[in-house]
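S.K.: Take a look at input_1.csv, CSV, C-alpha atoms:
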```csv
chain,number,residue,atom,x,y,z
W,1,MET,CA,-38.7,2.4,-79.4
W,2,ARG,CA,-41.0,5.0,-81.0
W,3,SER,CA,-42.6,5.2,-84.4
W,4,ASN,CA,-43.8,8.2,-86.3
W,5,ASP,CA,-47.4,7.5,-85.3
W,6,ASP,CA,-46.7,6.9,-81.6
W,7,THR,CA,-44.4,9.7,-80.5
W,8,ASP,CA,-46.0,10.2,-77.1
W,9,VAL,CA,-45.9,6.6,-75.8
W,10,THR,CA,-43.3,3.9,-76.0
W,11,GLY,CA,-44.1,0.6,-77.8
W,12,GLY,CA,-44.7,-1.2,-74.5
W,13,GLU,CA,-47.1,1.6,-73.3
W,14,LEU,CA,-49.0,1.4,-76.5
W,15,LEU,CA,-49.3,-2.4,-76.3
W,16,ILE,CA,-50.7,-2.1,-72.8
W,17,LYS,CA,-53.2,0.6,-73.9
W,18,ARG,CA,-54.3,-1.7,-76.8
W,19,GLN,CA,-54.7,-4.7,-74.5
W,20,ARG,CA,-56.8,-2.6,-72.1
W,21,ALA,CA,-59.0,-1.2,-74.8
W,22,LEU,CA,-59.6,-4.7,-76.3
W,23,TYR,CA,-60.5,-6.1,-72.9
W,24,ARG,CA,-63.0,-3.2,-72.3
W,25,ALA,CA,-64.5,-3.7,-75.7
W,26,GLU,CA,-65.0,-7.4,-75.2
W,27,HIS,CA,-66.5,-6.9,-71.7
W,28,ARG,CA,-69.1,-4.2,-71.9
W,29,GLY,CA,-71.7,-6.1,-70.0
W,30,THR,CA,-74.2,-6.7,-72.7
W,31,ARG,CA,-73.8,-9.5,-75.2
W,32,GLU,CA,-74.7,-7.3,-78.1
W,33,MET,CA,-72.1,-4.6,-77.2
W,34,ASP,CA,-69.5,-7.2,-76.4
W,35,PHE,CA,-70.0,-8.6,-79.9
W,36,LEU,CA,-70.1,-5.3,-81.8
W,37,LEU,CA,-67.2,-3.6,-80.1
W,38,GLY,CA,-65.2,-6.7,-79.3
W,39,HIS,CA,-65.0,-8.1,-82.8
W,40,TYR,CA,-64.2,-4.7,-84.2
W,41,ALA,CA,-61.5,-4.1,-81.6
W,42,LYS,CA,-60.0,-7.5,-82.1
W,43,ALA,CA,-59.6,-6.9,-85.8
W,44,GLN,CA,-58.6,-3.2,-85.7
W,45,ILE,CA,-56.8,-2.4,-82.4
W,46,PRO,CA,-53.5,-4.1,-83.4
W,47,THR,CA,-53.0,-1.5,-86.1
W,48,MET,CA,-54.4,1.6,-84.4
W,49,ASP,CA,-52.0,4.5,-83.7
W,50,THR,CA,-52.4,6.5,-80.5
W,51,ASP,CA,-54.9,9.0,-82.0
W,52,ALA,CA,-57.2,6.2,-83.3
W,53,LEU,CA,-56.9,4.3,-80.0
W,54,ALA,CA,-57.8,7.5,-78.1
W,55,ALA,CA,-60.8,8.0,-80.3
W,56,PHE,CA,-61.9,4.4,-79.7
W,57,GLU,CA,-61.4,4.8,-75.9
W,58,LEU,CA,-63.6,7.9,-75.9
W,59,LEU,CA,-66.3,6.1,-77.9
W,60,MET,CA,-66.3,3.4,-75.3
W,61,GLU,CA,-67.1,5.9,-72.6
W,62,MET,CA,-70.6,6.3,-74.0
W,63,PRO,CA,-73.4,4.5,-72.2
W,64,ASP,CA,-74.4,1.2,-73.8
W,65,PRO,CA,-77.9,2.4,-74.8
W,66,VAL,CA,-76.5,5.5,-76.6
W,67,LEU,CA,-73.8,3.5,-78.3
W,68,ALA,CA,-76.1,0.6,-79.2
W,69,GLY,CA,-78.5,3.1,-80.8
W,70,ALA,CA,-75.7,4.6,-82.8
W,71,LEU,CA,-74.2,1.4,-84.0
W,72,VAL,CA,-77.4,-0.6,-84.6
W,73,ASP,CA,-79.9,2.0,-85.7
W,74,GLY,CA,-77.7,4.9,-86.7
W,75,VAL,CA,-79.4,7.3,-84.2
W,76,GLY,CA,-77.9,10.1,-82.3
W,77,GLU,CA,-75.8,13.2,-82.9
W,78,PHE,CA,-72.1,13.0,-82.3
W,79,ASP,CA,-68.9,15.0,-83.0
W,80,GLU,CA,-67.3,14.3,-86.3
W,81,GLN,CA,-64.6,12.0,-84.9
W,82,SER,CA,-67.1,9.8,-83.0
W,83,GLN,CA,-69.4,9.7,-86.0
W,84,THR,CA,-66.6,8.6,-88.3
W,85,LEU,CA,-65.7,5.8,-85.9
W,86,ILE,CA,-69.3,4.8,-85.5
W,87,ASN,CA,-69.6,4.5,-89.2
W,88,ARG,CA,-66.4,2.4,-89.5
W,89,ILE,CA,-67.8,0.0,-86.9
W,90,ARG,CA,-71.1,-0.2,-88.7
W,91,ARG,CA,-69.4,-0.9,-92.0
W,92,PHE,CA,-67.1,-3.5,-90.4
W,93,HIS,CA,-70.3,-5.4,-89.3
W,94,LYS,CA,-72.0,-4.7,-92.6
W,95,ILE,CA,-74.8,-2.7,-90.9
W,96,ILE,CA,-74.2,0.0,-93.6
W,97,LYS,CA,-72.3,0.0,-96.9
```
Can you present the structure in this file as structure tokens?

M.R.:
Amino acid sequence: MRSNDDTDVTGGELLIKRQRALYRAEHRGTREMDFLLGHYAKAQIPTMDTDALAAFELLMEMPDPVLAGALVDGVGEFDEQSQTLINRIRRFHKIIK
């Protein structure tokens, strides 16, 4: 079954992608990143469409030091999509308003 937001993957495929992304977010390798990304992912991934999930997966490709600097200190220059997602995660954790 396909929805309007998920036209390129079936419901089962999207579920598997969500589960993989959640696992990756919770198992980054550093406690801080596991917390920041894992808690955000647990709360948000169930409602992400394919585009939002793809953006989150791209963000997770960043090395921990770069991503930690962006999430905790707000440092770094990123494309608009990544910066928007970084800001969402920072607001989720009340790092910024």

S.K.: Restricting the calculation to only C-alpha atoms: of W:Glu61, W:Asp51, W:Thr10, W:Ile96, which residue gets closest to Arg24 of chain W?

M.R.: W:Glu61

S.K.: So, counting all atoms listed in the file, which residue among W:Val75, W:Ile16, W:Ala43, W:Leu22 is closest to Asn87 of chain W?

M.R.: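 With all atoms listed in the file as the atom set, the closest residue is W:Val75.
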
S.K.: What's the separation between atom CA of Met33 of chain W and atom CA of Thr84 of chain W, in Å to one decimal place?

M.R.: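 So the two atoms, atom CA of Met33 of chain W and atom CA of Thr84 of chain W, lie 18.1 Å apart.
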
S.K.: Within 12 Å of Gln81 of chain W, counting all atoms listed in the file, which residues qualify if same-chain residues fewer than 2 places away don't, as a list in words?

M.R.: Asp51, Ala52, Leu53, Ala54, Ala55, Phe56, Glu57, Leu58, Leu59, Glu77, Phe78, Asp79, Gln83, Thr84, Leu85, Ile86, Asn87 and Arg88 of chain W

S.K.: Atom CA of Gly11 of chain W and atom CA of Phe35 of chain W are how many Å apart?

M.R.: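 Computing it gives 27.6 Å between the two atoms.
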
S.K.: Applying 12 Å and all atoms listed in the file, which residues near Gln44 of chain W remain after dropping the ones on its own chain fewer than 2 positions away? List them as a PyMOL selection string.

M.R.: chain W and resi 18-19+21-22+25+37-42+46-49+52-53+56+85+88-89+92

S.K.: Would you export the selected residues with C-alpha atoms as a PDB file, in the coordinates of the input, please?

M.R.:
```
ATOM      1  CA  ARG W  18     -54.300  -1.700 -76.800  1.00  0.00           C
ATOM      2  CA  GLN W  19     -54.700  -4.700 -74.500  1.00  0.00           C
ATOM      3  CA  ALA W  21     -59.000  -1.200 -74.800  1.00  0.00           C
ATOM      4  CA  LEU W  22     -59.600  -4.700 -76.300  1.00  0.00           C
ATOM      5  CA  ALA W  25     -64.500  -3.700 -75.700  1.00  0.00           C
ATOM      6  CA  LEU W  37     -67.200  -3.600 -80.100  1.00  0.00           C
ATOM      7  CA  GLY W  38     -65.200  -6.700 -79.300  1.00  0.00           C
ATOM      8  CA  HIS W  39     -65.000  -8.100 -82.800  1.00  0.00           C
ATOM      9  CA  TYR W  40     -64.200  -4.700 -84.200  1.00  0.00           C
ATOM     10  CA  ALA W  41     -61.500  -4.100 -81.600  1.00  0.00           C
ATOM     11  CA  LYS W  42     -60.000  -7.500 -82.100  1.00  0.00           C
ATOM     12  CA  PRO W  46     -53.500  -4.100 -83.400  1.00  0.00           C
ATOM     13  CA  THR W  47     -53.000  -1.500 -86.100  1.00  0.00           C
ATOM     14  CA  MET W  48     -54.400   1.600 -84.400  1.00  0.00           C
ATOM     15  CA  ASP W  49     -52.000   4.500 -83.700  1.00  0.00           C
ATOM     16  CA  ALA W  52     -57.200   6.200 -83.300  1.00  0.00           C
ATOM     17  CA  LEU W  53     -56.900   4.300 -80.000  1.00  0.00           C
ATOM     18  CA  PHE W  56     -61.900   4.400 -79.700  1.00  0.00           C
ATOM     19  CA  LEU W  85     -65.700   5.800 -85.900  1.00  0.00           C
ATOM     20  CA  ARG W  88     -66.400   2.400 -89.500  1.00  0.00           C
ATOM     21  CA  ILE W  89     -67.800   0.000 -86.900  1.00  0.00           C
ATOM     22  CA  PHE W  92     -67.100  -3.500 -90.400  1.00  0.00           C
TER      23      PHE W  92
END
```
